[in-house]
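Asks: Handing you a structure now.
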Number of protein chains: 2
Amino acid sequence: MFDAYNVEGGVSEEEYRKVVKDFGASLISDQLAKRLDHPLVPDLFFAHRDVGKIMDHESGFSVISGRGPSMNMHIAHLLVFRFVRHFQDKFGAFVFLPFSDDEKLLARDLELGHVLRMSYENLLDMLAIGFDPKNTEVMLDLATLKQDVYNLAVEAASNMTLSTVRAALGFTDDMNVGIHFYPAMQSAHILYPTKKYGLPTIVPIGLDQDVFVKLARDVAPKMGLAKPGDILSKFLPGLTGGKMSSSKPETAVFTTDGPKEVKKKIGNAFTGGLPTAEEQRKKGGNPEVCVVYQYLKTFFGVDVRQQCRSGEYLCGDCKKMLTEKMTQMLTTHQSERAKVEKNLDKFAPELGDLKDRILALK
Amino acid sequence: MFDAYNVEGGVSEEEYRKVVKDFGASLISDQLAKRLDHPLVPDLFFAHRDVGKIMDHESGFSVISGRGPSMNMHIAHLLVFRFVRHFQDKFGAFVFLPFSDDEKLLARDLELGHVLRMSYENLLDMLAIGFDPKNTEVMLDLATLKQDVYNLAVEAASNMTLSTVRAALGFTDDMNVGIHFYPAMQSAHILYPTKKYGLPTIVPIGLDQDVFVKLARDVAPKMGLAKPGDILSKFLPGLTGGKMSSSKPETAVFTTDGPKEVKKKIGNAFTGGLPTAEEQRKKGGNPEVCVVYQYLKTFFGVDVRQQCRSGEYLCGDCKKMLTEKMTQMLTTHQSERAKVEKNLDKFAPELGDLKDRILALK
């Protein structure tokens, strides 16, 4: 279920707790939740390793969050990057945003040009979140790879045996050599702020990607570096009730969707409604299974449990409310996205001509 | 005998011919030797793949020759780089000189600082050969890695299975993941001029490293690139008669050796002399097994076969001659080396502050 290369949706609370235990992570305590002070903790971001310890580090800490740019980003991605920004705003964390575009060539057999165009689109979404350019670094492995990161990957690779990577990821001999090396590159992403600036790192990450953090935690001490911690998130359900997936457009609202698409997608969303309006007015709906209910709560902090249960709000009401709020959110996001495109060089000089360089690719 | 990670010396003519046949390469024909027009062809550089075809390429070709910088360079290395320069001088070949310093961390567990200091020393030796800065590029994987080369390595890696690399190099599961990835990086070195400038490539290389060229030849067509060719060289014997090895100082004259060391090392060299001077005057020496004879011929084009066989020259005479010539050669080389250090930025701006960057490494 939590295979890094094959995730399924529909995970129960019980299963989440079991996995956290199996992973050797901890549920986020009330005390830590209070310290983190974020509306999605602990409902979405629910478990962790070493987060308190890392936040205690005297000279500060860093948060890294990467992106494998095969497709456009959807709204659940925005949640994660907003969460990352929260660490920057509230705790002054240094933020590193590496793109594992190389992994897309290795694991998915995609083309360089496609992957880099996606990287560029994703980069705009990411930076539209509003990171502080003075305390943030961005890197695309295939376009702006830092020498320090490559060297760190080589060092990590020299400390990672093939058996370890095979055991962790289930790779076989018919797979390419690059995919076997990639965990070392991902470790380098994670450990870069620690090596370069002496800042221990927290990685907010989906349960399915936890294995990469574990590999980085294993290798860090061998490189004389502090082990990275992580904050594990649950999976947000897709609009249709199953897994949210970039490759199934009906399951997700994309950051680039216009008002019409948003309306249509939310109109078709899976809810906890009853067969007829009359019946629902009488008996009330079922918010526990309703995607619209969960999105209102997760994205906008609006809890309509009571109105749903009482039959006061029908599904159409909630869908209308979610559509309006989502459209508004995306309008704002898209406007920030357009602004940030003109200021990419503030994050790094080499990003200034990135678009031209990508378009010039054969 | 021709394992990339474990070479032995003392190879017979017959063995060389057999290996070339097994490798699917060809001996250099009289016609090709004439075209190449170099004193060490075909005595030292004796076999090849596709060299004539690549030299026929209408818009030119390139020669790449790398260096794994674990130790100081010795005089046999100079021969190879002089041979590379010959292609530039005579045929206008573009020359690419990549340093596989990353491989030294992966295969030998050396430290970054040590490897980069060695890279720097080796780089000076290499450029002292007199390459044309306008038609030459130099790259240190761990200090001046080109984005194009990394991307090419990822592309090569995505086309190279673990089984292929294992079969070619005999790697096992307890070895690190980086060493399994490295053949893709070496392929990227080899294919860089072809990808970037459309110039097919010739790689002059020792028989023990041939496997890397073969891997690059296998992967090139999958990347839409022309297969690289190679020119295979025999092993030059060490001063003591066995293998020449950087890790055994008595077996090799280093580029940095002073007159005293040169005199001492050549004084102790293995020769084809007889037990007493008197006996040798009468019966003559045996140039076939004599390292001093071979060095005079290989490095300086001086053939003393007749004088040795006739007993006219004793070993002391030849050693004296070789010492003088070698000292003169190294004096010139070291002076060129000092000059080139002041002009590194002519080869690439990023080499200008290389020394400072390396010394600043923790």
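Each chain in the structure tokens gets a letter, A, B and so on, in the order shown; residues start at 1 in every chain, and ligands are counted from 1 in the order they appear.
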Leaving out Ala220 of chain B and any residue of its chain fewer than 5 positions from it, which residues lie within 12 Å of it when counting only C-alpha atoms, given as a PDB file with N, CA, C and O atoms, in the first residue's frame?
Replies:
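To be explicit, this is the file written out as around_3.pdb:
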```
ATOM      1  N   LEU B 152      23.318  13.954 -19.627  1.00  0.00           N
ATOM      2  CA  LEU B 152      23.679  12.853 -20.513  1.00  0.00           C
ATOM      3  C   LEU B 152      23.887  11.568 -19.699  1.00  0.00           C
ATOM      4  O   LEU B 152      23.522  10.474 -20.140  1.00  0.00           O
ATOM      5  N   ALA B 153      24.454  11.717 -18.508  1.00  0.00           N
ATOM      6  CA  ALA B 153      24.660  10.551 -17.637  1.00  0.00           C
ATOM      7  C   ALA B 153      23.309   9.960 -17.222  1.00  0.00           C
ATOM      8  O   ALA B 153      23.140   8.742 -17.189  1.00  0.00           O
ATOM      9  N   GLU B 155      20.535  10.208 -18.921  1.00  0.00           N
ATOM     10  CA  GLU B 155      19.966   9.577 -20.112  1.00  0.00           C
ATOM     11  C   GLU B 155      20.645   8.226 -20.378  1.00  0.00           C
ATOM     12  O   GLU B 155      19.975   7.235 -20.679  1.00  0.00           O
ATOM     13  N   ALA B 156      21.966   8.193 -20.242  1.00  0.00           N
ATOM     14  CA  ALA B 156      22.685   6.929 -20.441  1.00  0.00           C
ATOM     15  C   ALA B 156      22.245   5.911 -19.390  1.00  0.00           C
ATOM     16  O   ALA B 156      21.989   4.745 -19.705  1.00  0.00           O
ATOM     17  N   ALA B 157      22.130   6.370 -18.143  1.00  0.00           N
ATOM     18  CA  ALA B 157      21.746   5.466 -17.051  1.00  0.00           C
ATOM     19  C   ALA B 157      20.367   4.867 -17.294  1.00  0.00           C
ATOM     20  O   ALA B 157      20.124   3.704 -16.982  1.00  0.00           O
ATOM     21  N   SER B 158      19.477   5.671 -17.874  1.00  0.00           N
ATOM     22  CA  SER B 158      18.121   5.163 -18.097  1.00  0.00           C
ATOM     23  C   SER B 158      18.114   4.090 -19.186  1.00  0.00           C
ATOM     24  O   SER B 158      17.143   3.359 -19.337  1.00  0.00           O
ATOM     25  N   ASN B 159      19.220   3.997 -19.928  1.00  0.00           N
ATOM     26  CA  ASN B 159      19.330   3.000 -20.993  1.00  0.00           C
ATOM     27  C   ASN B 159      20.311   1.875 -20.674  1.00  0.00           C
ATOM     28  O   ASN B 159      20.746   1.154 -21.573  1.00  0.00           O
ATOM     29  N   MET B 160      20.686   1.759 -19.408  1.00  0.00           N
ATOM     30  CA  MET B 160      21.695   0.778 -19.015  1.00  0.00           C
ATOM     31  C   MET B 160      21.136  -0.028 -17.843  1.00  0.00           C
ATOM     32  O   MET B 160      20.913   0.526 -16.774  1.00  0.00           O
ATOM     33  N   ALA B 184      27.558   4.956 -16.419  1.00  0.00           N
ATOM     34  CA  ALA B 184      26.696   5.898 -17.145  1.00  0.00           C
ATOM     35  C   ALA B 184      27.371   7.266 -17.213  1.00  0.00           C
ATOM     36  O   ALA B 184      27.311   7.956 -18.235  1.00  0.00           O
ATOM     37  N   SER B 187      30.095   7.021 -19.749  1.00  0.00           N
ATOM     38  CA  SER B 187      29.493   7.096 -21.084  1.00  0.00           C
ATOM     39  C   SER B 187      29.172   8.545 -21.434  1.00  0.00           C
ATOM     40  O   SER B 187      29.336   8.972 -22.579  1.00  0.00           O
ATOM     41  N   ALA B 188      28.716   9.298 -20.440  1.00  0.00           N
ATOM     42  CA  ALA B 188      28.399  10.712 -20.674  1.00  0.00           C
ATOM     43  C   ALA B 188      29.661  11.487 -21.045  1.00  0.00           C
ATOM     44  O   ALA B 188      29.644  12.330 -21.942  1.00  0.00           O
ATOM     45  N   HIS B 189      30.767  11.194 -20.350  1.00  0.00           N
ATOM     46  CA  HIS B 189      32.046  11.821 -20.711  1.00  0.00           C
ATOM     47  C   HIS B 189      32.345  11.549 -22.185  1.00  0.00           C
ATOM     48  O   HIS B 189      32.684  12.443 -22.948  1.00  0.00           O
ATOM     49  N   ILE B 190      32.241  10.283 -22.541  1.00  0.00           N
ATOM     50  CA  ILE B 190      32.620   9.866 -23.891  1.00  0.00           C
ATOM     51  C   ILE B 190      31.692  10.481 -24.941  1.00  0.00           C
ATOM     52  O   ILE B 190      32.126  10.892 -26.007  1.00  0.00           O
ATOM     53  N   LEU B 191      30.407  10.570 -24.606  1.00  0.00           N
ATOM     54  CA  LEU B 191      29.437  11.000 -25.624  1.00  0.00           C
ATOM     55  C   LEU B 191      29.173  12.505 -25.629  1.00  0.00           C
ATOM     56  O   LEU B 191      28.459  13.012 -26.497  1.00  0.00           O
ATOM     57  N   TYR B 192      29.752  13.227 -24.673  1.00  0.00           N
ATOM     58  CA  TYR B 192      29.492  14.670 -24.582  1.00  0.00           C
ATOM     59  C   TYR B 192      29.797  15.434 -25.875  1.00  0.00           C
ATOM     60  O   TYR B 192      28.940  16.175 -26.374  1.00  0.00           O
ATOM     61  N   THR B 194      29.858  14.398 -28.857  1.00  0.00           N
ATOM     62  CA  THR B 194      28.951  13.942 -29.912  1.00  0.00           C
ATOM     63  C   THR B 194      27.582  14.585 -29.729  1.00  0.00           C
ATOM     64  O   THR B 194      26.984  15.101 -30.673  1.00  0.00           O
ATOM     65  N   LYS B 195      27.097  14.575 -28.489  1.00  0.00           N
ATOM     66  CA  LYS B 195      25.787  15.161 -28.195  1.00  0.00           C
ATOM     67  C   LYS B 195      25.813  16.678 -28.367  1.00  0.00           C
ATOM     68  O   LYS B 195      24.937  17.258 -28.995  1.00  0.00           O
ATOM     69  N   PRO B 200      31.576  12.913 -33.701  1.00  0.00           N
ATOM     70  CA  PRO B 200      31.835  11.559 -33.205  1.00  0.00           C
ATOM     71  C   PRO B 200      33.199  11.519 -32.519  1.00  0.00           C
ATOM     72  O   PRO B 200      34.065  12.339 -32.802  1.00  0.00           O
ATOM     73  N   THR B 201      33.362  10.551 -31.629  1.00  0.00           N
ATOM     74  CA  THR B 201      34.504  10.576 -30.707  1.00  0.00           C
ATOM     75  C   THR B 201      35.386   9.346 -30.800  1.00  0.00           C
ATOM     76  O   THR B 201      34.892   8.232 -30.960  1.00  0.00           O
ATOM     77  N   VAL B 213      34.284   1.779 -22.752  1.00  0.00           N
ATOM     78  CA  VAL B 213      33.983   2.207 -24.117  1.00  0.00           C
ATOM     79  C   VAL B 213      32.917   1.290 -24.715  1.00  0.00           C
ATOM     80  O   VAL B 213      31.999   1.738 -25.394  1.00  0.00           O
ATOM     81  N   LYS B 214      33.024   0.005 -24.410  1.00  0.00           N
ATOM     82  CA  LYS B 214      32.017  -0.924 -24.932  1.00  0.00           C
ATOM     83  C   LYS B 214      30.628  -0.582 -24.408  1.00  0.00           C
ATOM     84  O   LYS B 214      29.646  -0.615 -25.153  1.00  0.00           O
ATOM     85  N   LEU B 215      30.549  -0.246 -23.122  1.00  0.00           N
ATOM     86  CA  LEU B 215      29.245   0.139 -22.562  1.00  0.00           C
ATOM     87  C   LEU B 215      28.727   1.400 -23.254  1.00  0.00           C
ATOM     88  O   LEU B 215      27.541   1.511 -23.572  1.00  0.00           O
ATOM     89  N   LEU B 225      22.851   8.601 -30.808  1.00  0.00           N
ATOM     90  CA  LEU B 225      24.187   9.161 -31.023  1.00  0.00           C
ATOM     91  C   LEU B 225      25.094   8.153 -31.729  1.00  0.00           C
ATOM     92  O   LEU B 225      24.892   6.937 -31.615  1.00  0.00           O
ATOM     93  N   ALA B 226      26.095   8.689 -32.447  1.00  0.00           N
ATOM     94  CA  ALA B 226      27.062   7.821 -33.125  1.00  0.00           C
ATOM     95  C   ALA B 226      27.887   7.056 -32.093  1.00  0.00           C
ATOM     96  O   ALA B 226      28.269   7.605 -31.056  1.00  0.00           O
ATOM     97  N   LYS B 227      28.148   5.788 -32.385  1.00  0.00           N
ATOM     98  CA  LYS B 227      28.991   4.989 -31.489  1.00  0.00           C
ATOM     99  C   LYS B 227      30.397   5.572 -31.416  1.00  0.00           C
ATOM    100  O   LYS B 227      30.982   5.875 -32.449  1.00  0.00           O
ATOM    101  N   PRO B 228      30.955   5.691 -30.221  1.00  0.00           N
ATOM    102  CA  PRO B 228      32.344   6.140 -30.120  1.00  0.00           C
ATOM    103  C   PRO B 228      33.286   5.032 -30.585  1.00  0.00           C
ATOM    104  O   PRO B 228      32.971   3.852 -30.456  1.00  0.00           O
ATOM    105  N   GLY B 229      34.425   5.436 -31.127  1.00  0.00           N
ATOM    106  CA  GLY B 229      35.463   4.468 -31.458  1.00  0.00           C
ATOM    107  C   GLY B 229      36.547   4.520 -30.396  1.00  0.00           C
ATOM    108  O   GLY B 229      36.510   5.366 -29.503  1.00  0.00           O
TER     109      GLY B 229
END
```
Asks: Please determine the contact residues of chain B with respect to chain A at a cut-off of 6 Å, counting only C-alpha atoms, and supply them as a PyMOL selection string.
Replies: chain B and resi 106+142+151+157-158+160-163+173-178+181
Asks: Go ahead and compute the interatomic distance for atom CA of Gln186 of chain A and atom CA of Asp22 of chain A, in Å to one decimal.
Replies: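 Computing it gives 22.5 Å between the two atoms.
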Asks: Hey, could you make a per-residue contact list for segment 209-236 of chain A against segment 65-70 of chain A with 12 Å as the cut-off, showing the nearest pair of atoms and its distance in Å to one decimal, counting only C-alpha atoms, sorted by chain and number, as JSON lines?
Replies:
```
{"residue": "A:Gln209", "atom": "CA", "partner": "A:Gly66", "partner_atom": "CA", "distance": 10.8}
{"residue": "A:Phe212", "atom": "CA", "partner": "A:Gly66", "partner_atom": "CA", "distance": 11.6}
{"residue": "A:Val213", "atom": "CA", "partner": "A:Ser65", "partner_atom": "CA", "distance": 11.3}
{"residue": "A:Asp230", "atom": "CA", "partner": "A:Ser65", "partner_atom": "CA", "distance": 10.3}
{"residue": "A:Ile231", "atom": "CA", "partner": "A:Ser65", "partner_atom": "CA", "distance": 10.9}
```
Asks: Give me the residues near Gly301 of chain B as a PDB file with all heavy atoms, in the first residue's frame, where near means some atom within 12 Å (using only C-alpha atoms) and where sequence neighbours in that chain fewer than 6 positions away do not count.
Replies:
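File produced: selection-v9.pdb:
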```pdb
ATOM      1  N   HIS B  38      51.865   8.669 -36.493  1.00  0.00           N
ATOM      2  CA  HIS B  38      52.389   8.939 -35.155  1.00  0.00           C
ATOM      3  C   HIS B  38      53.413   7.862 -34.804  1.00  0.00           C
ATOM      4  O   HIS B  38      53.169   6.680 -35.045  1.00  0.00           O
ATOM      5  CB  HIS B  38      51.238   8.944 -34.139  1.00  0.00           C
ATOM      6  CG  HIS B  38      51.667   9.387 -32.776  1.00  0.00           C
ATOM      7  ND1 HIS B  38      52.247   8.536 -31.872  1.00  0.00           N
ATOM      8  CD2 HIS B  38      51.611  10.602 -32.164  1.00  0.00           C
ATOM      9  CE1 HIS B  38      52.529   9.200 -30.755  1.00  0.00           C
ATOM     10  NE2 HIS B  38      52.151  10.455 -30.911  1.00  0.00           N
ATOM     11  N   PRO B  39      54.550   8.257 -34.227  1.00  0.00           N
ATOM     12  CA  PRO B  39      55.632   7.287 -33.983  1.00  0.00           C
ATOM     13  C   PRO B  39      55.238   6.112 -33.078  1.00  0.00           C
ATOM     14  O   PRO B  39      55.882   5.070 -33.124  1.00  0.00           O
ATOM     15  CB  PRO B  39      56.739   8.136 -33.331  1.00  0.00           C
ATOM     16  CG  PRO B  39      56.096   9.420 -32.913  1.00  0.00           C
ATOM     17  CD  PRO B  39      54.949   9.629 -33.846  1.00  0.00           C
ATOM     18  N   LEU B  40      54.213   6.254 -32.257  1.00  0.00           N
ATOM     19  CA  LEU B  40      53.850   5.154 -31.354  1.00  0.00           C
ATOM     20  C   LEU B  40      52.741   4.266 -31.918  1.00  0.00           C
ATOM     21  O   LEU B  40      52.250   3.365 -31.243  1.00  0.00           O
ATOM     22  CB  LEU B  40      53.461   5.703 -29.982  1.00  0.00           C
ATOM     23  CG  LEU B  40      54.583   6.466 -29.256  1.00  0.00           C
ATOM     24  CD1 LEU B  40      54.104   6.968 -27.910  1.00  0.00           C
ATOM     25  CD2 LEU B  40      55.820   5.587 -29.084  1.00  0.00           C
ATOM     26  N   ASP B  43      53.129   0.508 -32.559  1.00  0.00           N
ATOM     27  CA  ASP B  43      53.857  -0.241 -31.528  1.00  0.00           C
ATOM     28  C   ASP B  43      53.173  -0.183 -30.163  1.00  0.00           C
ATOM     29  O   ASP B  43      53.055  -1.197 -29.480  1.00  0.00           O
ATOM     30  CB  ASP B  43      55.297   0.274 -31.407  1.00  0.00           C
ATOM     31  CG  ASP B  43      56.175  -0.281 -32.525  1.00  0.00           C
ATOM     32  OD1 ASP B  43      55.668  -1.151 -33.272  1.00  0.00           O
ATOM     33  OD2 ASP B  43      57.324   0.154 -32.654  1.00  0.00           O
ATOM     34  N   TYR B 293      65.833   0.109 -22.625  1.00  0.00           N
ATOM     35  CA  TYR B 293      65.772   0.075 -24.094  1.00  0.00           C
ATOM     36  C   TYR B 293      64.396   0.564 -24.572  1.00  0.00           C
ATOM     37  O   TYR B 293      64.276   1.428 -25.433  1.00  0.00           O
ATOM     38  CB  TYR B 293      66.031  -1.349 -24.606  1.00  0.00           C
ATOM     39  CG  TYR B 293      65.688  -1.504 -26.064  1.00  0.00           C
ATOM     40  CD1 TYR B 293      66.553  -1.029 -27.053  1.00  0.00           C
ATOM     41  CD2 TYR B 293      64.475  -2.081 -26.455  1.00  0.00           C
ATOM     42  CE1 TYR B 293      66.217  -1.126 -28.398  1.00  0.00           C
ATOM     43  CE2 TYR B 293      64.132  -2.180 -27.789  1.00  0.00           C
ATOM     44  CZ  TYR B 293      65.003  -1.700 -28.754  1.00  0.00           C
ATOM     45  OH  TYR B 293      64.667  -1.786 -30.083  1.00  0.00           O
ATOM     46  N   GLN B 294      63.349  -0.014 -23.960  1.00  0.00           N
ATOM     47  CA  GLN B 294      62.000   0.322 -24.422  1.00  0.00           C
ATOM     48  C   GLN B 294      61.647   1.790 -24.165  1.00  0.00           C
ATOM     49  O   GLN B 294      60.995   2.437 -24.982  1.00  0.00           O
ATOM     50  CB  GLN B 294      60.963  -0.601 -23.762  1.00  0.00           C
ATOM     51  CG  GLN B 294      59.578  -0.304 -24.309  1.00  0.00           C
ATOM     52  CD  GLN B 294      58.577  -1.406 -24.067  1.00  0.00           C
ATOM     53  OE1 GLN B 294      58.921  -2.492 -23.602  1.00  0.00           O
ATOM     54  NE2 GLN B 294      57.326  -1.133 -24.388  1.00  0.00           N
ATOM     55  N   TYR B 295      62.078   2.312 -23.036  1.00  0.00           N
ATOM     56  CA  TYR B 295      61.785   3.721 -22.729  1.00  0.00           C
ATOM     57  C   TYR B 295      62.499   4.651 -23.705  1.00  0.00           C
ATOM     58  O   TYR B 295      61.942   5.647 -24.155  1.00  0.00           O
ATOM     59  CB  TYR B 295      62.205   4.054 -21.293  1.00  0.00           C
ATOM     60  CG  TYR B 295      61.193   3.651 -20.234  1.00  0.00           C
ATOM     61  CD1 TYR B 295      60.356   2.557 -20.405  1.00  0.00           C
ATOM     62  CD2 TYR B 295      61.082   4.382 -19.046  1.00  0.00           C
ATOM     63  CE1 TYR B 295      59.449   2.185 -19.422  1.00  0.00           C
ATOM     64  CE2 TYR B 295      60.173   4.021 -18.062  1.00  0.00           C
ATOM     65  CZ  TYR B 295      59.362   2.924 -18.251  1.00  0.00           C
ATOM     66  OH  TYR B 295      58.469   2.566 -17.283  1.00  0.00           O
ATOM     67  N   LEU B 322      69.240   7.683 -20.946  1.00  0.00           N
ATOM     68  CA  LEU B 322      67.814   7.813 -20.606  1.00  0.00           C
ATOM     69  C   LEU B 322      67.621   8.847 -19.490  1.00  0.00           C
ATOM     70  O   LEU B 322      66.697   9.664 -19.536  1.00  0.00           O
ATOM     71  CB  LEU B 322      67.240   6.453 -20.180  1.00  0.00           C
ATOM     72  CG  LEU B 322      65.750   6.454 -19.815  1.00  0.00           C
ATOM     73  CD1 LEU B 322      64.890   6.884 -21.002  1.00  0.00           C
ATOM     74  CD2 LEU B 322      65.296   5.068 -19.323  1.00  0.00           C
ATOM     75  N   LYS B 325      67.966  12.374 -20.970  1.00  0.00           N
ATOM     76  CA  LYS B 325      66.822  12.744 -21.813  1.00  0.00           C
ATOM     77  C   LYS B 325      65.557  12.933 -20.969  1.00  0.00           C
ATOM     78  O   LYS B 325      64.768  13.861 -21.182  1.00  0.00           O
ATOM     79  CB  LYS B 325      66.582  11.678 -22.888  1.00  0.00           C
ATOM     80  CG  LYS B 325      67.647  11.691 -23.993  1.00  0.00           C
ATOM     81  CD  LYS B 325      67.327  10.675 -25.073  1.00  0.00           C
ATOM     82  CE  LYS B 325      68.398  10.653 -26.156  1.00  0.00           C
ATOM     83  NZ  LYS B 325      68.456  11.932 -26.926  1.00  0.00           N
TER      84      LYS B 325
END
```
Asks: Where does DSSP see helix (DSSP H, G or I) in segment 68-204 of chain B, if you list the residues as an mmCIF file with C-alpha atoms, in the first residue's frame?
Replies:
```cif
data_model
loop_
_atom_site.group_PDB
_atom_site.id
_atom_site.type_symbol
_atom_site.label_atom_id
_atom_site.label_comp_id
_atom_site.auth_asym_id
_atom_site.auth_seq_id
_atom_site.Cartn_x
_atom_site.Cartn_y
_atom_site.Cartn_z
ATOM 1 C CA ILE B 75 55.346 9.684 -17.708
ATOM 2 C CA ALA B 76 53.249 7.007 -19.433
ATOM 3 C CA HIS B 77 50.221 9.232 -18.906
ATOM 4 C CA LEU B 78 52.041 11.998 -20.748
ATOM 5 C CA LEU B 79 52.415 9.711 -23.763
ATOM 6 C CA VAL B 80 48.660 9.271 -23.974
ATOM 7 C CA PHE B 81 47.916 12.978 -23.719
ATOM 8 C CA ARG B 82 50.601 13.781 -26.274
ATOM 9 C CA PHE B 83 48.912 11.286 -28.544
ATOM 10 C CA VAL B 84 45.617 13.112 -27.969
ATOM 11 C CA ARG B 85 47.265 16.420 -28.818
ATOM 12 C CA HIS B 86 48.564 14.870 -32.041
ATOM 13 C CA PHE B 87 44.929 14.489 -33.155
ATOM 14 C CA GLN B 88 44.292 18.126 -32.376
ATOM 15 C CA ASP B 89 47.429 19.396 -34.132
ATOM 16 C CA LYS B 90 47.220 17.210 -37.201
ATOM 17 C CA PHE B 91 43.464 16.717 -37.705
ATOM 18 C CA ASP B 101 37.250 12.177 -9.627
ATOM 19 C CA ASP B 102 33.793 11.018 -8.520
ATOM 20 C CA GLU B 103 34.727 7.461 -9.411
ATOM 21 C CA LYS B 104 37.698 7.687 -7.055
ATOM 22 C CA LEU B 105 35.352 8.405 -4.149
ATOM 23 C CA LEU B 106 33.097 5.562 -5.206
ATOM 24 C CA ALA B 107 35.611 2.857 -6.049
ATOM 25 C CA ARG B 108 38.481 3.705 -3.753
ATOM 26 C CA LEU B 112 36.984 14.575 -1.575
ATOM 27 C CA GLY B 113 39.769 16.983 -0.583
ATOM 28 C CA HIS B 114 42.520 14.534 -1.498
ATOM 29 C CA VAL B 115 40.922 13.614 -4.804
ATOM 30 C CA LEU B 116 40.403 17.233 -5.818
ATOM 31 C CA ARG B 117 43.959 18.205 -4.910
ATOM 32 C CA MET B 118 45.135 15.324 -7.095
ATOM 33 C CA SER B 119 42.761 16.450 -9.849
ATOM 34 C CA TYR B 120 44.351 19.853 -9.751
ATOM 35 C CA GLU B 121 47.897 18.500 -9.982
ATOM 36 C CA ASN B 122 46.926 16.126 -12.781
ATOM 37 C CA LEU B 123 45.135 18.925 -14.601
ATOM 38 C CA LEU B 124 48.342 20.963 -14.699
ATOM 39 C CA ASP B 125 50.239 17.990 -16.137
ATOM 40 C CA MET B 126 47.576 17.425 -18.724
ATOM 41 C CA LEU B 127 47.368 21.009 -19.914
ATOM 42 C CA PRO B 133 42.352 26.278 -25.321
ATOM 43 C CA LYS B 134 39.995 27.264 -28.141
ATOM 44 C CA ASN B 135 39.454 23.661 -29.164
ATOM 45 C CA GLN B 147 24.863 20.294 -16.570
ATOM 46 C CA ASP B 148 24.922 18.806 -20.079
ATOM 47 C CA VAL B 149 27.143 15.982 -18.890
ATOM 48 C CA TYR B 150 24.995 15.197 -15.863
ATOM 49 C CA ASN B 151 21.904 15.117 -18.066
ATOM 50 C CA LEU B 152 23.679 12.853 -20.513
ATOM 51 C CA ALA B 153 24.660 10.551 -17.637
ATOM 52 C CA VAL B 154 21.017 10.353 -16.550
ATOM 53 C CA GLU B 155 19.966 9.577 -20.112
ATOM 54 C CA ALA B 156 22.685 6.929 -20.441
ATOM 55 C CA ALA B 157 21.746 5.466 -17.051
ATOM 56 C CA SER B 158 18.121 5.163 -18.097
ATOM 57 C CA LEU B 162 21.880 -3.292 -13.740
ATOM 58 C CA SER B 163 22.387 -6.723 -15.337
ATOM 59 C CA THR B 164 24.437 -5.198 -18.141
ATOM 60 C CA VAL B 165 26.725 -3.330 -15.765
ATOM 61 C CA ARG B 166 27.067 -6.320 -13.452
ATOM 62 C CA ALA B 167 27.942 -8.618 -16.340
ATOM 63 C CA ALA B 168 30.455 -6.152 -17.766
ATOM 64 C CA LEU B 169 32.206 -5.295 -14.515
ATOM 65 C CA VAL B 177 25.118 2.123 -5.732
ATOM 66 C CA GLY B 178 27.406 4.869 -7.015
ATOM 67 C CA ILE B 179 29.884 2.502 -8.586
ATOM 68 C CA HIS B 180 26.987 0.903 -10.451
ATOM 69 C CA PHE B 181 25.931 4.314 -11.776
ATOM 70 C CA TYR B 182 29.437 5.375 -12.714
ATOM 71 C CA PRO B 183 29.577 3.612 -16.125
ATOM 72 C CA ALA B 184 26.696 5.898 -17.145
ATOM 73 C CA MET B 185 28.757 8.935 -16.132
ATOM 74 C CA GLN B 186 31.745 7.615 -18.055
ATOM 75 C CA SER B 187 29.493 7.096 -21.084
ATOM 76 C CA ALA B 188 28.399 10.712 -20.674
ATOM 77 C CA HIS B 189 32.046 11.821 -20.711
ATOM 78 C CA ILE B 190 32.620 9.866 -23.891
ATOM 79 C CA LEU B 191 29.437 11.000 -25.624
ATOM 80 C CA TYR B 192 29.492 14.670 -24.582
ATOM 81 C CA PRO B 193 31.244 16.038 -27.719
ATOM 82 C CA THR B 194 28.951 13.942 -29.912
ATOM 83 C CA LYS B 195 25.787 15.161 -28.195
ATOM 84 C CA LYS B 196 26.861 18.763 -27.754
ATOM 85 C CA TYR B 197 28.759 19.452 -30.975
#
```
Asks: Ranking A:Ser246, A:Ser233, A:Asn286, A:Thr256 by minimum distance to Met71 of chain A and counting only C-alpha atoms, which one comes first?
Replies: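 Smallest separation from Met71 of chain A among the options: A:Ser246.
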Asks: Can you tell me how far atom CA of Met73 of chain B sits from atom CA of Lys297 of chain B, in Å to one decimal?
Replies: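 Going from atom CA of Met73 of chain B over to atom CA of Lys297 of chain B, I get 20.5 Å.
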Asks: Looking at B:Ile64, B:Asp56, B:Leu232, B:Gly130, which one is nearest to Leu27 of chain B, with distances taken over only C-alpha atoms?
Replies: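 Ranking B:Ile64, B:Asp56, B:Leu232, B:Gly130 by distance to Leu27 of chain B, first place goes to B:Leu232.
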Asks: Find the residues near Met329 of chain A: any atom within 12 Å, counting only C-alpha atoms, skip ones fewer than 2 places away on the same chain, and give them as a count of residues only.
Replies: 27
Asks: Please extract the residues of segment 125-308 of chain B with a backbone DSSP assignment of strand (DSSP E or B) and present them as a list in words.
Replies: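 Written out, the strand (DSSP E or B) residues of segment 125-308 of chain B are Thr136, Glu137, Val138, Met139, Leu140, Thr161, Asn176, Thr201, Ile202, Val203, Pro204, Ile205, Gly206, Gly229, Asp230, Ile231, Leu232, Ser233, Pro237, Lys243 and Phe254 of chain B.
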